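Report on the following structure.
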Amino acid sequence: MPYEPPTHTVERSLRATSGARTVAGVDEVGRGAWAGPVTVCAAVTGLRRPPEGLTDSKLISPKRRAELAPMLEKWVTAYGLGHASPLEIDDLGMTAALRLAAVRALEALPVRPDAVILDGKHDYLGTPWNVRTVIKGDQSCIAVAAASVIAKVHRDTMMAELGADTGQYADFAFGANAGYPSPVHRAALEERGPTPHHRLSWAYLDALPKWQHLKKVRFSAEAAALESGGQLGFDF
């Protein structure tokens with residue numbers, strides 16, 4: 001199925017309406033995983049034409065993503081990466097962990113952006129950042145699409161290294177599932193229990209009686225309900 005290529009429309013609008021000169025596109029990966037960090041990339045692209053085939057990372061094959069990411073890293077004006085660890089996710093909740101990772105990514109840029117295009121409908125950044133949320137921004141906005149690919153490839157690489165065939169976590173197949181739900185991942189959890197890289201406040205532990213005693217209590221029932229959706233499925 002063909003997709004419309006992303007454009008600079010939102011960035012041009014921000015420049016025209018707010019006088020922003022430096023605009024960063026921000027996207028995250030790892031929100032729905034059982035293991036590993038949540039990773040955010042902030043990318044500044046200017047108004048130049050991107051490499052051919054750029055779109056939301058989820059719409060690009062793993063092989064093509066791996067080819068495209070180093071091209072994008074050279075093509076963008078600047079990019080920054082930020083991570084929030086499983087421990088930070090457990091302690092803070094996903095919304096606050098996302099903000100922490102995003103702030104780390106933005107602060108890694110050489111210049112503080114005047115405005116931020118944030119993928120999705122929820123502004124998890126807030127003040128003092130000048131944020132424009134865009135639903136499916138990773139498909140429609142060039143800077144967000146670039147951020148989505150760079151973030152995805154960096155996190156996938158981290159998880160593949162963690163789950164290397166010769167390593168102690170090989171049974172979890174992190175190289176194949178990147179810490180997301182999968183039958184192999186679940187089977188390893190049932191047999192071995194969660195690793196130090198797993199999120200211990202998440203609902204997948206409710207289905208693992210042998211390891212339920214390790215579950216961390218979420219800071220509020222409301223936050224737990226909001227953040228547990230989809231954690232037991234294998235759709236990733």
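Just remember, in the structure tokens the first chain shown is A, the second B, etc., residues are 1-based per chain, and ligands are 1-based in the order shown.
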Give the strand (DSSP E) residues of region 60-133 of chain A, as DSSP finds them on the backbone, and put them as a compact mmCIF listing (two decimals) with N, CA, C and O atoms, in the first residue's frame.
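After the write, states.txt holds the following:
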```txt
# COMPACT_ATOMS: atom_id res chain seq x y z
N ALA A 78 20.81 18.08 12.94
CA ALA A 78 21.26 17.58 14.25
C ALA A 78 20.22 16.58 14.75
O ALA A 78 19.05 16.62 14.36
N TYR A 79 20.68 15.68 15.61
CA TYR A 79 19.73 14.80 16.30
C TYR A 79 20.28 14.48 17.69
O TYR A 79 21.49 14.54 17.94
N GLY A 80 19.35 14.18 18.59
CA GLY A 80 19.72 13.79 19.95
C GLY A 80 18.88 12.60 20.37
O GLY A 80 17.72 12.47 19.95
N LEU A 81 19.46 11.73 21.18
CA LEU A 81 18.75 10.56 21.68
C LEU A 81 18.64 10.63 23.20
O LEU A 81 19.56 11.09 23.88
N GLY A 82 17.51 10.19 23.71
CA GLY A 82 17.32 10.11 25.15
C GLY A 82 16.63 8.81 25.51
O GLY A 82 15.81 8.31 24.75
N HIS A 83 16.99 8.25 26.66
CA HIS A 83 16.41 6.99 27.10
C HIS A 83 15.89 7.14 28.53
O HIS A 83 16.44 7.91 29.32
N ALA A 84 14.85 6.38 28.83
CA ALA A 84 14.42 6.19 30.22
C ALA A 84 14.47 4.69 30.48
O ALA A 84 13.91 3.90 29.72
N ALA A 115 10.69 25.30 18.74
CA ALA A 115 9.40 24.60 18.72
C ALA A 115 9.66 23.11 18.52
O ALA A 115 10.69 22.71 17.97
N VAL A 116 8.70 22.31 18.96
CA VAL A 116 8.82 20.86 18.89
C VAL A 116 7.56 20.29 18.24
O VAL A 116 6.44 20.63 18.65
N ILE A 117 7.75 19.45 17.23
CA ILE A 117 6.63 18.69 16.66
C ILE A 117 6.66 17.32 17.31
O ILE A 117 7.61 16.55 17.16
N LEU A 118 5.60 17.00 18.06
CA LEU A 118 5.55 15.77 18.84
C LEU A 118 4.55 14.81 18.22
O LEU A 118 3.39 15.16 18.00
N ASP A 119 5.00 13.61 17.91
CA ASP A 119 4.11 12.62 17.32
C ASP A 119 3.02 12.21 18.31
O ASP A 119 3.29 11.97 19.49
N VAL A 131 5.18 23.16 22.03
CA VAL A 131 4.88 21.87 21.41
C VAL A 131 3.69 21.96 20.47
O VAL A 131 2.66 22.56 20.80
N ARG A 132 3.83 21.33 19.31
CA ARG A 132 2.70 21.09 18.40
C ARG A 132 2.55 19.58 18.26
O ARG A 132 3.46 18.92 17.75
N THR A 133 1.45 19.03 18.73
CA THR A 133 1.21 17.60 18.58
C THR A 133 0.58 17.34 17.22
O THR A 133 -0.26 18.12 16.75
```
Excluding same-chain residues fewer than 4 positions from region 41-57 of chain A, what lies within 7 Å of it counting only C-alpha atoms, as a PyMOL selection string? chain A and resi 5-6+8+23-28+65+76-82+105-106+138-139+143+145-152
Do you know which residues are at most 10 Å from Glu191 (chain A) counting only C-alpha atoms, after dropping those on the same chain fewer than 4 positions away, and could you put them as a PDB file with C-alpha atoms, in the first residue's frame?
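The file below, out_29.pdb, is the result:
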```
ATOM      1  CA  ASP A 171      16.576 -17.217  25.446  1.00  0.00           C
ATOM      2  CA  ARG A 186       6.760 -15.068  27.085  1.00  0.00           C
ATOM      3  CA  ALA A 187       8.094 -18.637  27.243  1.00  0.00           C
ATOM      4  CA  LEU A 208       3.040 -15.407  35.358  1.00  0.00           C
ATOM      5  CA  LYS A 210       5.622 -18.083  39.489  1.00  0.00           C
ATOM      6  CA  TRP A 211       6.985 -14.532  39.280  1.00  0.00           C
TER       7      TRP A 211
END
```
Any idea what the distance is between CA of Tyr180 (chain A) and CA of Gly36 (chain A)? 8.8 Å
May I have the residues within 12 Å of Val217 (chain A) as an MDAnalysis selection string, using only C-alpha atoms and disregarding those fewer than 6 positions away in the same chain? chainID A and resid 90:93 199:203 205:206 223:224
Only all heavy atoms, please: the residues just picked out, written as an mmCIF file, in the first residue's frame.
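Result file follows (result14.cif):
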```
data_model
loop_
_atom_site.group_PDB
_atom_site.id
_atom_site.type_symbol
_atom_site.label_atom_id
_atom_site.label_comp_id
_atom_site.auth_asym_id
_atom_site.auth_seq_id
_atom_site.Cartn_x
_atom_site.Cartn_y
_atom_site.Cartn_z
ATOM 1 N N ASP A 90 9.341 2.080 35.862
ATOM 2 C CA ASP A 90 8.637 1.525 37.019
ATOM 3 C C ASP A 90 8.411 2.571 38.104
ATOM 4 O O ASP A 90 7.358 2.629 38.726
ATOM 5 C CB ASP A 90 9.424 0.353 37.607
ATOM 6 C CG ASP A 90 9.359 -0.902 36.747
ATOM 7 O OD1 ASP A 90 8.389 -1.055 35.994
ATOM 8 O OD2 ASP A 90 10.287 -1.727 36.842
ATOM 9 N N ASP A 91 9.414 3.400 38.327
ATOM 10 C CA ASP A 91 9.326 4.385 39.410
ATOM 11 C C ASP A 91 8.432 5.565 39.063
ATOM 12 O O ASP A 91 7.702 6.081 39.925
ATOM 13 C CB ASP A 91 10.727 4.909 39.757
ATOM 14 C CG ASP A 91 11.567 3.890 40.506
ATOM 15 O OD1 ASP A 91 10.992 2.883 40.980
ATOM 16 O OD2 ASP A 91 12.783 4.077 40.605
ATOM 17 N N LEU A 92 8.487 6.000 37.807
ATOM 18 C CA LEU A 92 7.817 7.241 37.418
ATOM 19 C C LEU A 92 6.490 7.033 36.704
ATOM 20 O O LEU A 92 5.647 7.931 36.691
ATOM 21 C CB LEU A 92 8.733 8.055 36.498
ATOM 22 C CG LEU A 92 10.099 8.453 37.062
ATOM 23 C CD1 LEU A 92 10.945 9.108 35.972
ATOM 24 C CD2 LEU A 92 9.929 9.386 38.242
ATOM 25 N N GLY A 93 6.295 5.866 36.078
ATOM 26 C CA GLY A 93 5.178 5.690 35.172
ATOM 27 C C GLY A 93 5.589 6.074 33.757
ATOM 28 O O GLY A 93 6.553 6.829 33.571
ATOM 29 N N ARG A 199 10.483 -4.474 32.795
ATOM 30 C CA ARG A 199 9.653 -3.531 33.543
ATOM 31 C C ARG A 199 8.799 -4.341 34.520
ATOM 32 O O ARG A 199 7.952 -5.132 34.100
ATOM 33 C CB ARG A 199 8.791 -2.723 32.582
ATOM 34 C CG ARG A 199 9.641 -2.009 31.532
ATOM 35 C CD ARG A 199 8.820 -1.439 30.400
ATOM 36 N NE ARG A 199 9.697 -0.927 29.337
ATOM 37 C CZ ARG A 199 9.253 -0.348 28.221
ATOM 38 N NH1 ARG A 199 7.953 -0.196 28.023
ATOM 39 N NH2 ARG A 199 10.123 0.068 27.316
ATOM 40 N N LEU A 200 9.015 -4.126 35.789
ATOM 41 C CA LEU A 200 8.402 -4.981 36.802
ATOM 42 C C LEU A 200 7.062 -4.465 37.309
ATOM 43 O O LEU A 200 6.451 -5.099 38.161
ATOM 44 C CB LEU A 200 9.371 -5.147 37.980
ATOM 45 C CG LEU A 200 10.697 -5.825 37.643
ATOM 46 C CD1 LEU A 200 11.545 -5.979 38.904
ATOM 47 C CD2 LEU A 200 10.484 -7.177 36.972
ATOM 48 N N SER A 201 6.605 -3.355 36.798
ATOM 49 C CA SER A 201 5.309 -2.824 37.217
ATOM 50 C C SER A 201 4.217 -3.125 36.193
ATOM 51 O O SER A 201 3.079 -2.709 36.373
ATOM 52 C CB SER A 201 5.397 -1.300 37.421
ATOM 53 O OG SER A 201 5.839 -0.670 36.228
ATOM 54 N N TRP A 202 4.570 -3.869 35.165
ATOM 55 C CA TRP A 202 3.645 -4.048 34.046
ATOM 56 C C TRP A 202 2.784 -5.292 34.206
ATOM 57 O O TRP A 202 3.126 -6.237 34.918
ATOM 58 C CB TRP A 202 4.433 -4.062 32.738
ATOM 59 C CG TRP A 202 4.826 -2.676 32.329
ATOM 60 C CD1 TRP A 202 5.380 -1.717 33.138
ATOM 61 C CD2 TRP A 202 4.679 -2.075 31.051
ATOM 62 N NE1 TRP A 202 5.584 -0.568 32.432
ATOM 63 C CE2 TRP A 202 5.169 -0.753 31.145
ATOM 64 C CE3 TRP A 202 4.202 -2.521 29.829
ATOM 65 C CZ2 TRP A 202 5.172 0.123 30.067
ATOM 66 C CZ3 TRP A 202 4.212 -1.660 28.752
ATOM 67 C CH2 TRP A 202 4.689 -0.351 28.882
ATOM 68 N N ALA A 203 1.668 -5.312 33.465
ATOM 69 C CA ALA A 203 0.623 -6.315 33.668
ATOM 70 C C ALA A 203 1.009 -7.702 33.192
ATOM 71 O O ALA A 203 0.343 -8.674 33.566
ATOM 72 C CB ALA A 203 -0.660 -5.867 32.950
ATOM 73 N N LEU A 205 3.212 -9.552 34.220
ATOM 74 C CA LEU A 205 3.536 -10.377 35.380
ATOM 75 C C LEU A 205 2.288 -10.980 36.030
ATOM 76 O O LEU A 205 2.381 -11.994 36.720
ATOM 77 C CB LEU A 205 4.313 -9.555 36.410
ATOM 78 C CG LEU A 205 5.816 -9.423 36.150
ATOM 79 C CD1 LEU A 205 6.439 -8.412 37.111
ATOM 80 C CD2 LEU A 205 6.521 -10.760 36.262
ATOM 81 N N ASP A 206 1.121 -10.391 35.800
ATOM 82 C CA ASP A 206 -0.111 -10.938 36.354
ATOM 83 C C ASP A 206 -0.409 -12.318 35.784
ATOM 84 O O ASP A 206 -1.114 -13.114 36.412
ATOM 85 C CB ASP A 206 -1.293 -10.002 36.069
ATOM 86 C CG ASP A 206 -1.173 -8.674 36.787
ATOM 87 O OD1 ASP A 206 -0.451 -8.612 37.805
ATOM 88 O OD2 ASP A 206 -1.780 -7.692 36.321
ATOM 89 N N ALA A 223 -3.130 5.343 36.988
ATOM 90 C CA ALA A 223 -1.988 5.274 36.089
ATOM 91 C C ALA A 223 -1.789 3.850 35.591
ATOM 92 O O ALA A 223 -1.473 3.621 34.428
ATOM 93 C CB ALA A 223 -0.735 5.761 36.800
ATOM 94 N N ALA A 224 -1.989 2.865 36.479
ATOM 95 C CA ALA A 224 -1.833 1.474 36.074
ATOM 96 C C ALA A 224 -2.825 1.112 34.978
ATOM 97 O O ALA A 224 -2.488 0.435 34.007
ATOM 98 C CB ALA A 224 -2.017 0.558 37.277
#
```
Looking at only C-alpha atoms, which of A:Ala173, A:Val153, A:Glu107, A:Val134 is the one that sits closest to Ile60 (chain A)? A:Val153
